[in-house]
file upload_12.txt (compact mmCIF, C-alpha atoms)
# COMPACT_ATOMS: atom_id res chain seq x y z
CA MET S 13 90.75 140.77 105.04
CA SER S 14 93.98 141.57 103.32
CA SER S 15 94.93 144.10 100.68
CA ASP S 16 96.68 141.33 98.74
CA THR S 17 94.81 140.63 95.52
CA PRO S 18 95.08 136.98 94.57
CA ARG S 19 96.77 136.24 91.27
CA MET S 20 94.26 135.30 88.57
CA THR S 21 95.64 132.07 87.22
CA GLY S 22 93.63 129.54 85.23
CA PRO S 23 93.08 127.24 88.24
CA THR S 24 92.10 130.24 90.41
CA LEU S 25 89.45 131.25 87.88
CA LYS S 26 88.12 127.70 87.74
CA VAL S 27 87.87 127.62 91.53
CA LEU S 28 86.13 131.00 91.59
CA GLY S 29 83.71 129.84 88.90
CA GLU S 30 82.83 126.74 90.86
CA LEU S 31 82.41 128.68 94.10
CA MET S 32 80.21 131.27 92.40
CA SER S 33 77.96 128.59 90.96
CA SER S 34 77.43 127.14 94.43
CA ALA S 35 77.34 130.53 96.10
CA LEU S 36 74.69 129.92 98.72
CA LEU S 37 75.31 126.34 99.70
CA GLY S 38 79.04 126.29 100.26
CA ILE S 39 81.24 123.57 98.87
CA SER S 40 84.04 121.43 100.25
CA GLY S 41 87.57 121.29 98.85
CA ALA S 42 87.04 117.70 97.71
CA ASP S 43 83.91 118.68 95.78
CA ILE S 44 85.69 121.62 94.15
CA SER S 45 88.43 119.21 93.09
CA ARG S 46 85.92 116.82 91.60
CA ALA S 47 84.10 119.59 89.74
CA THR S 48 87.18 121.36 88.40
CA GLY S 49 89.70 118.53 88.13
CA ILE S 50 92.21 120.58 90.11
CA GLN S 51 94.45 118.46 92.31
CA SER S 52 94.74 119.01 96.05
CA GLY S 53 98.29 120.37 95.82
CA THR S 54 97.09 123.24 93.63
CA LEU S 55 93.62 123.68 95.09
CA TYR S 56 94.34 124.25 98.77
CA PRO S 57 96.98 126.98 98.29
CA ILE S 58 94.41 128.78 96.10
CA LEU S 59 91.68 128.40 98.73
CA ILE S 60 94.07 129.59 101.44
CA ARG S 61 95.08 132.64 99.38
CA LEU S 62 91.48 133.51 98.53
CA GLU S 63 90.37 133.13 102.13
CA LYS S 64 93.29 135.24 103.33
CA ALA S 65 92.31 137.95 100.84
CA GLY S 66 88.77 137.93 102.19
CA TRP S 67 87.25 136.61 98.97
CA LEU S 68 86.10 133.40 100.65
CA SER S 69 84.79 132.40 104.00
CA SER S 70 84.65 128.89 105.33
CA GLU S 71 82.81 127.05 108.04
CA TRP S 72 82.53 123.52 109.35
CA GLU S 73 79.62 121.44 108.19
CA ALA S 74 76.84 121.07 110.73
CA GLY S 75 77.10 118.14 113.10
CA ASP S 76 79.52 116.62 115.49
CA PRO S 77 82.30 114.28 114.27
CA SER S 78 81.19 111.66 116.80
CA THR S 79 77.62 111.67 115.45
CA LEU S 80 78.73 111.94 111.84
CA GLY S 81 81.19 109.09 112.35
CA ARG S 82 83.88 110.96 110.41
CA PRO S 83 85.76 114.26 110.49
CA ARG S 84 83.73 117.30 109.50
CA LYS S 85 84.08 118.83 106.04
CA ARG S 86 84.96 122.46 105.68
CA HIS S 87 82.59 124.34 103.37
CA TYR S 88 83.78 127.32 101.37
CA LYS S 89 81.58 130.23 100.25
CA MET S 90 82.23 133.44 98.34
CA THR S 91 82.03 136.63 100.36
CA SER S 92 80.43 139.71 98.79
CA LEU S 93 83.93 141.14 98.27
CA GLY S 94 84.97 137.92 96.55
CA THR S 95 81.86 137.85 94.37
CA HIS S 96 82.43 141.42 93.15
CA ALA S 97 86.15 140.93 92.65
CA GLY S 98 85.64 137.56 90.99
CA LYS S 99 83.03 138.94 88.59
CA ALA S 100 85.36 141.80 87.74
CA ALA S 101 88.16 139.34 87.05
CA PHE S 102 85.90 137.28 84.78
CA HIS S 103 84.69 140.37 82.92
CA GLU S 104 88.30 141.25 82.17
CA LEU S 105 89.02 137.80 80.83
CA VAL S 106 85.76 136.60 79.26
CA PRO S 107 84.88 138.24 75.90
CA ALA S 108 81.78 140.48 75.89
CA GLY S 109 78.64 138.44 75.48
CA GLY S 110 80.29 135.36 76.92
CA ARG S 111 77.97 133.42 79.21
CA LEU S 112 79.45 133.49 82.68
CA ILE S 113 79.49 130.29 84.61
CA TRP S 114 77.52 131.61 87.61
CA GLN S 115 74.74 133.10 85.46
CA SER S 116 72.29 130.25 85.16
CA MET N 26 109.07 72.92 87.88
CA ALA N 27 107.68 75.78 85.80
CA VAL N 28 104.25 75.25 87.35
CA LEU N 29 105.70 75.34 90.86
CA LYS N 30 107.60 78.52 89.99
CA ALA N 31 104.43 80.15 88.66
CA ILE N 32 102.49 79.17 91.80
CA LEU N 33 105.25 80.53 94.03
CA GLU N 34 105.44 83.77 92.04
CA GLY N 35 101.67 84.17 92.25
CA PHE N 36 101.73 83.53 95.98
CA VAL N 37 104.58 85.96 96.61
CA SER N 38 103.10 88.69 94.43
CA LYS N 39 99.74 88.30 96.21
CA LEU N 40 101.51 88.59 99.57
CA VAL N 41 103.35 91.71 98.42
CA ALA N 42 100.14 93.21 97.01
CA ASP N 43 98.23 92.49 100.24
CA GLU N 44 101.03 94.00 102.29
CA ALA N 45 101.15 97.13 100.11
CA LYS N 46 97.36 97.44 100.26
CA ALA N 47 97.45 97.24 104.06
CA MET N 48 100.13 99.94 104.20
CA LEU N 49 98.41 102.48 101.93
CA PRO N 50 95.98 103.83 104.57
CA MET N 51 98.89 104.29 106.96
CA LEU N 52 100.83 106.07 104.24
CA SER N 53 97.91 108.45 103.59
CA GLN N 54 97.61 109.20 107.31
CA TRP N 55 101.34 109.75 107.59
CA LEU N 56 101.28 112.15 104.62
CA VAL N 57 98.42 114.15 106.17
CA ARG N 58 100.30 114.35 109.49
CA ASN N 59 103.44 115.38 107.64
CA ALA N 60 101.56 118.05 105.67
CA VAL N 61 99.84 119.42 108.76
CA SER N 62 103.11 119.57 110.70
CA ARG N 63 104.43 121.99 108.08
CA LEU N 64 101.63 124.48 108.75
CA PRO N 65 101.56 127.19 111.41
CA LYS N 66 100.49 125.80 114.80
CA ASP N 67 97.18 127.67 114.85
CA GLN N 68 96.10 126.10 111.56
CA ARG N 69 97.09 122.50 112.20
CA GLU N 70 93.92 121.35 113.94
CA ARG N 71 91.71 122.79 111.22
CA TYR N 72 93.61 121.29 108.31
CA SER N 73 94.10 117.97 110.05
CA GLU N 74 90.33 117.55 110.23
CA GLU N 75 89.59 119.16 106.87
CA TRP N 76 92.14 117.12 104.94
CA THR N 77 91.21 113.87 106.68
CA ALA N 78 87.57 114.49 105.76
CA ASP N 79 88.68 115.30 102.21
CA LEU N 80 90.56 111.99 101.94
CA LEU N 81 87.66 109.98 103.33
CA SER N 82 85.33 111.43 100.73
CA TYR N 83 87.33 109.58 98.08
CA SER N 84 87.14 105.84 97.68
CA GLY N 85 90.27 103.95 96.72
CA GLU N 86 93.45 103.92 98.74
CA ILE N 87 95.74 104.84 95.85
CA VAL N 88 93.67 107.93 95.03
CA ARG N 89 93.85 108.90 98.71
CA VAL N 90 97.64 108.55 98.75
CA PHE N 91 97.98 110.83 95.72
CA ARG N 92 95.57 113.32 97.26
CA ALA N 93 97.52 113.24 100.53
CA MET N 94 100.73 113.89 98.58
CA GLY N 95 98.98 116.97 97.23
CA PHE N 96 98.36 118.14 100.81
CA VAL N 97 102.10 117.99 101.46
CA CYS N 98 102.71 120.11 98.35
CA ALA N 99 99.96 122.51 99.47
CA ALA N 100 101.48 122.81 102.94
CA ILE N 101 104.92 123.45 101.47
CA GLN N 102 103.54 126.20 99.24
CA THR N 103 101.52 127.69 102.06
CA SER N 104 104.47 127.78 104.43
CA GLN N 105 106.46 129.42 101.62
CA LEU N 106 108.94 126.59 101.62
CA SER N 107 110.62 126.47 98.24
CA ILE N 108 111.25 123.21 96.44
CA GLY N 109 114.98 123.69 97.17
CA HIS N 110 114.27 124.00 100.88
CA PHE N 111 111.97 121.01 100.73
CA VAL N 112 114.70 118.93 99.09
CA GLN N 113 117.19 120.00 101.76
CA LEU N 114 114.78 119.06 104.52
CA ALA N 115 113.99 115.80 102.80
CA VAL N 116 117.69 114.97 102.63
CA VAL N 117 118.01 115.65 106.36
CA GLU N 118 115.01 113.49 107.15
CA VAL N 119 116.06 110.65 104.87
CA THR N 120 119.53 110.66 106.43
CA ILE N 121 118.05 110.38 109.90
CA MET N 122 115.58 107.71 108.85
CA LYS N 123 118.46 105.73 107.36
CA ALA N 124 120.34 106.04 110.64
CA ILE N 125 117.29 104.78 112.52
CA LEU N 126 116.92 101.86 110.15
CA VAL N 127 120.54 100.97 110.77
CA VAL N 128 119.78 100.77 114.48
CA ARG N 129 116.66 98.69 113.94
CA ILE N 130 118.02 96.27 111.38
CA GLN N 131 121.73 96.00 112.00
CA ARG N 132 121.75 97.03 115.65
CA ALA N 133 124.65 99.28 114.83
CA PRO N 134 125.40 102.71 116.30
CA ILE N 135 123.85 105.86 114.87
CA GLN N 136 126.14 108.43 113.41
CA PHE N 137 124.68 111.80 112.48
CA GLU N 138 127.85 113.36 111.24
CA ARG N 139 126.52 113.66 107.69
CA LEU N 140 124.12 116.27 108.99
CA THR N 141 126.95 118.71 109.58
CA SER N 142 127.21 119.70 105.94
CA GLY N 143 125.80 123.06 104.87
CA LEU N 144 122.33 123.33 106.24
CA ILE N 145 122.92 122.18 109.79
CA ARG N 146 125.92 123.54 111.57
CA SER N 147 125.50 121.66 114.81
CA ARG N 148 127.17 118.30 115.09
CA TYR N 149 125.14 115.36 116.32
CA SER N 150 126.30 111.88 117.05
CA LEU N 151 125.27 109.13 119.38
CA GLU N 152 127.79 107.23 121.39
CA GLN N 153 128.93 103.91 119.96
CA ARG N 154 127.95 101.13 122.36
CA PRO N 155 128.01 97.75 120.64
CA TRP N 156 127.00 95.94 123.83
CA LEU N 157 123.54 97.56 123.84
CA LYS N 158 120.74 95.17 124.74
CA ASP N 159 117.30 95.17 123.14
CA ARG N 160 115.76 97.52 125.67
CA GLU N 161 118.65 99.88 125.34
CA ILE N 162 118.32 99.73 121.58
CA ASP N 163 114.71 100.88 121.98
CA ASN N 164 115.84 103.75 124.18
CA HIS N 165 118.44 104.56 121.58
CA LEU N 166 115.68 104.69 118.99
CA ILE N 167 113.61 107.07 121.10
CA VAL N 168 116.63 109.35 121.42
CA ALA N 169 117.08 109.16 117.64
CA LEU N 170 113.46 110.15 117.03
CA LYS N 171 113.75 113.08 119.42
CA LEU N 172 116.92 114.07 117.65
CA MET N 173 115.17 113.85 114.31
CA ARG N 174 112.54 116.34 115.45
CA LYS N 175 115.21 118.61 116.88
CA VAL N 176 117.32 118.53 113.72
CA ARG N 177 114.28 119.19 111.56
CA HIS N 178 113.32 122.14 113.75
CA ILE N 179 116.85 123.56 113.52
CA ALA N 180 116.79 123.08 109.75
CA ILE N 181 113.55 125.05 109.50
CA MET N 182 114.87 127.72 111.86
CA ASN N 183 117.96 128.08 109.65
CA LEU N 184 115.78 128.46 106.60
CA PHE N 185 113.17 130.84 107.96
CA GLY N 186 114.59 132.45 111.06
CA SER N 187 111.94 133.89 113.33
CA ASN N 188 109.07 133.31 110.88
CA VAL N 189 108.94 129.67 111.78
CA HIS N 190 105.79 128.11 113.15
CA ASN N 191 106.93 124.78 114.49
call {"tool": "encode", "arguments": {"input": "upload_12.txt", "output": "structure tokens"}}
result
Amino acid sequence: MSSDTPRMTGPTLKVLGELMSSALLGISGADISRATGIQSGTLYPILIRLEKAGWLSSEWEAGDPSTLGRPRKRHYKMTSLGTHAGKAAFHELVPAGGRLIWQS
Amino acid sequence: MAVLKAILEGFVSKLVADEAKAMLPMLSQWLVRNAVSRLPKDQRERYSEEWTADLLSYSGEIVRVFRAMGFVCAAIQTSQLSIGHFVQLAVVEVTIMKAILVVRIQRAPIQFERLTSGLIRSRYSLEQRPWLKDREIDNHLIVALKLMRKVRHIAIMNLFGSNVHN
């Protein structure tokens, strides 16, 4: 975990929103891209920064590449620190009463 | 005559399209390798697998190429390489690739003296030996590739000093 707080840019908020809505399952970079429309060149630096700050954790999908027949995907999840910090960031930016993306 | 020309044009454009289509997967793979090589050593294995899996989850070779280009941008940002540095490195690499192409196509000697300007202080050149035979040309090429890696490493060292992971 690092003391560096990630910058809250528009794409970062979109990524956080997507990660929060799939909090338990974990989601791959490609799926985040599809859901948010953020291109790989913008997405991965954000994921790297968030993971470095301790807001995200990541793990390989279950299975062996030889049985899967392809390389394994890396699944990203919010940590509790990331969830709290992300919610705080959204509360600052979303007007009171606004329906937050992860509240469904 | 016009019909023959149209048939020929169609044939040639199909050949070119087929060739380009066959090269796109190689281009994507090359871009992933290039992106990964810009990352710190301890992260390369992870991102090599992660980004390859990412590419494979998309169908369509052109989409994959664009996505792989994004990985290069991501790696540059992650390694804190500025666009200016990237352009400088690209110039170095293009110069070396041009030199290698000269060897392959024209069988002419390689001269690396253009690399002496600004970024790279060391002077590199390969001896001019016009009587080189095919096998020697291949050896020459291997030397050139090794040199390319070395020059690139020196370029990165000049840019980042001891913070380099290469």
call {"tool": "residues_around", "arguments": {"input": "upload_12.txt", "residues": "S:Ala97", "least_positions_apart": "3", "cutoff": "12 Å", "atoms": "all atoms listed in the file", "output": "PyMOL selection string"}}
result
chain S and resi 17-20+25+28-29+32+62+65-68+90-94+100-104
call {"tool": "residues_around", "arguments": {"input": "upload_12.txt", "residues": "stretch 52-67 of chain N", "least_positions_apart": "2", "cutoff": "6 Å", "atoms": "all atoms listed in the file", "output": "compact mmCIF listing (two decimals) with C-alpha atoms, in the coordinates of the input"}}
result
# COMPACT_ATOMS: atom_id res chain seq x y z
CA LEU N 49 98.41 102.48 101.93
CA PRO N 50 95.98 103.83 104.57
CA ARG N 69 97.09 122.50 112.20
CA VAL N 90 97.64 108.55 98.75
CA ALA N 93 97.52 113.24 100.53
CA PHE N 96 98.36 118.14 100.81
CA VAL N 97 102.10 117.99 101.46
CA ALA N 100 101.48 122.81 102.94
CA HIS N 190 105.79 128.11 113.15
call {"tool": "interface_residues", "arguments": {"input": "upload_12.txt", "of": "chain S", "to": "chain N", "cutoff": "9 Å", "atoms": "all atoms listed in the file", "output": "list in words"}}
result
Ser40, Gly41, Ala42, Asp43, Gln51, Ser52, Gly53, Thr54, Leu55, Tyr56, Pro57, Ile60, Arg61, Trp72, Arg82, Pro83, Arg84, Lys85 and Arg86 of chain S
call {"tool": "closest_residue", "arguments": {"input": "upload_12.txt", "among": "S:Ala74, S:Leu31, S:Leu80, S:Leu37", "to": "S:Leu59", "atoms": "only C-alpha atoms"}}
result
S:Leu31
call {"tool": "closest_residue", "arguments": {"input": "upload_12.txt", "among": "S:Gly98, S:Lys26, S:Ile50, S:Lys89", "to": "S:Ser70", "atoms": "all atoms listed in the file"}}
result
S:Lys89
call {"tool": "atom_distance", "arguments": {"input": "upload_12.txt", "atom1": "atom CA of N:Glu86", "atom2": "atom CA of N:Met48"}}
result
9.5 Å
call {"tool": "atom_distance", "arguments": {"input": "upload_12.txt", "atom1": "atom CA of S:Ser34", "atom2": "atom CA of S:His87"}}
result
10.7 Å
call {"tool": "atom_distance", "arguments": {"input": "upload_12.txt", "atom1": "atom CA of S:Leu36", "atom2": "atom CA of S:Glu73"}}
result
13.6 Å
